[in-house]
Amino acid sequence: MKNLLLIILTLNFGLTFSQNIELIESRNFDGAIFPKTYDIPLTENPSIEKRFTPTKEEIVELEKQLRSQIKEINKNKPNQGKHYGPIIHKRLKKYDRQYIGFIDQYGQRVIHVNFIWNGYSIWESIRGWTKPDDSWKTEWQMWFDGGSRFWNINYIIDKKEFVDFSVNGVA
């Protein structure tokens, strides 16, 4: 049994790092660019023909557009403040990002972005929230609650437009 577990862990480790996830860092954000071949767990992945790997230049432009548009996108502040978590547009730099590209039903190149809160304070620790580890750099993250500590959005590259803004609820 131990040998089987060791084999599974070794294979998993090898598969995780063989997928060429590229890290991108700046003074405004840290992110991980997932390649078109990455299989997102627990989802129906689009066919490889309907996926692409975003470039660093596309990510930099996305982030520039996000900084200029986030206050308007977030005007209703869903699931934010008090026990829900931070106000997103006020704390944008405190989120780590994950990026993956796909081609939508209209043939548009879209970058899906996951945002993972990385601004934990002593007060959040007292309330039971703990800072996530660095697995976001190598494994696609899926969170089903946590309020505004976890959210996502899609960016249509050619239109420089954000759609499908979604903030997690709190269980």
# chains A, B, ... in the order shown; residues from 1 in each chain; ligands from 1
call {"tool": "residues_around", "arguments": {"residues": "region 135-152 of chain A", "least_positions_apart": "6", "cutoff": "7 Å", "atoms": "only C-alpha atoms", "output": "ChimeraX atom specification"}}
result
/A:16,21,32,40,79-80,84-86,88,113-117,165-171
call {"tool": "closest_atom_pairs", "arguments": {"of": "region 84-158 of chain A", "to": "region 58-70 of chain A", "cutoff": "8 Å", "atoms": "only C-alpha atoms", "output": "Markdown table"}}
result
| residue | atom | partner | partner_atom | distance |
| --- | --- | --- | --- | --- |
| A:His89 | CA | A:Ile70 | CA | 5.7 |
| A:Tyr155 | CA | A:Leu62 | CA | 7.1 |
| A:Ile157 | CA | A:Glu58 | CA | 7.5 |
call {"tool": "write_last_selection", "arguments": {"atoms": "C-alpha atoms", "output": "PDB file, in the first residue's frame"}}
result
ATOM      1  CA  HIS A  89     -11.498  47.211  -6.008  1.00  0.00           C
ATOM      2  CA  TYR A 155     -11.541  38.999 -20.228  1.00  0.00           C
ATOM      3  CA  ILE A 157      -8.921  40.099 -25.443  1.00  0.00           C
TER       4      ILE A 157
END
call {"tool": "select_by_dssp", "arguments": {"residues": "region 15-126 of chain A", "states": "strand (DSSP E or B)", "output": "list in words"}}
result
Glu22, Leu23, Ile24, Glu25, Asp30, Gly31, Ala32, Ile33, Arg51, Phe52, Tyr95, Asp96, Arg97, Gln98, Tyr99, Ile100, Gly101, Phe102, Ile103, Arg109, Val110, Ile111, His112, Val113, Asn114, Phe115, Ile116 and Trp117 of chain A
call {"tool": "residues_around", "arguments": {"residues": "Asn154 (chain A)", "least_positions_apart": "6", "cutoff": "6 Å", "atoms": "only C-alpha atoms", "output": "PyMOL selection string"}}
result
chain A and resi 111-112+162-164
call {"tool": "write_last_selection", "arguments": {"atoms": "C-alpha atoms", "output": "PDB file, in the first residue's frame"}}
result
ATOM      1  CA  ILE A 111      -8.750  34.729 -20.570  1.00  0.00           C
ATOM      2  CA  HIS A 112     -10.372  33.309 -17.446  1.00  0.00           C
ATOM      3  CA  PHE A 162     -14.568  41.973 -18.840  1.00  0.00           C
ATOM      4  CA  VAL A 163     -17.565  39.647 -18.494  1.00  0.00           C
ATOM      5  CA  ASP A 164     -18.892  37.018 -16.093  1.00  0.00           C
TER       6      ASP A 164
END
call {"tool": "atom_distance", "arguments": {"atom1": "CA of Ile87 (chain A)", "atom2": "CA of Asp134 (chain A)"}}
result
23.0 Å
call {"tool": "residues_around", "arguments": {"residues": "Asp39 (chain A)", "least_positions_apart": "5", "cutoff": "10 Å", "atoms": "only C-alpha atoms", "output": "list of chain:residue names"}}
result
A:Gln19, A:Phe34, A:Glu44, A:Asn45, A:Pro46, A:Ile48, A:Glu139, A:Trp140
call {"tool": "select_by_dssp", "arguments": {"residues": "chain A", "states": "helix (DSSP H, G or I)", "output": "count of residues only"}}
result
58
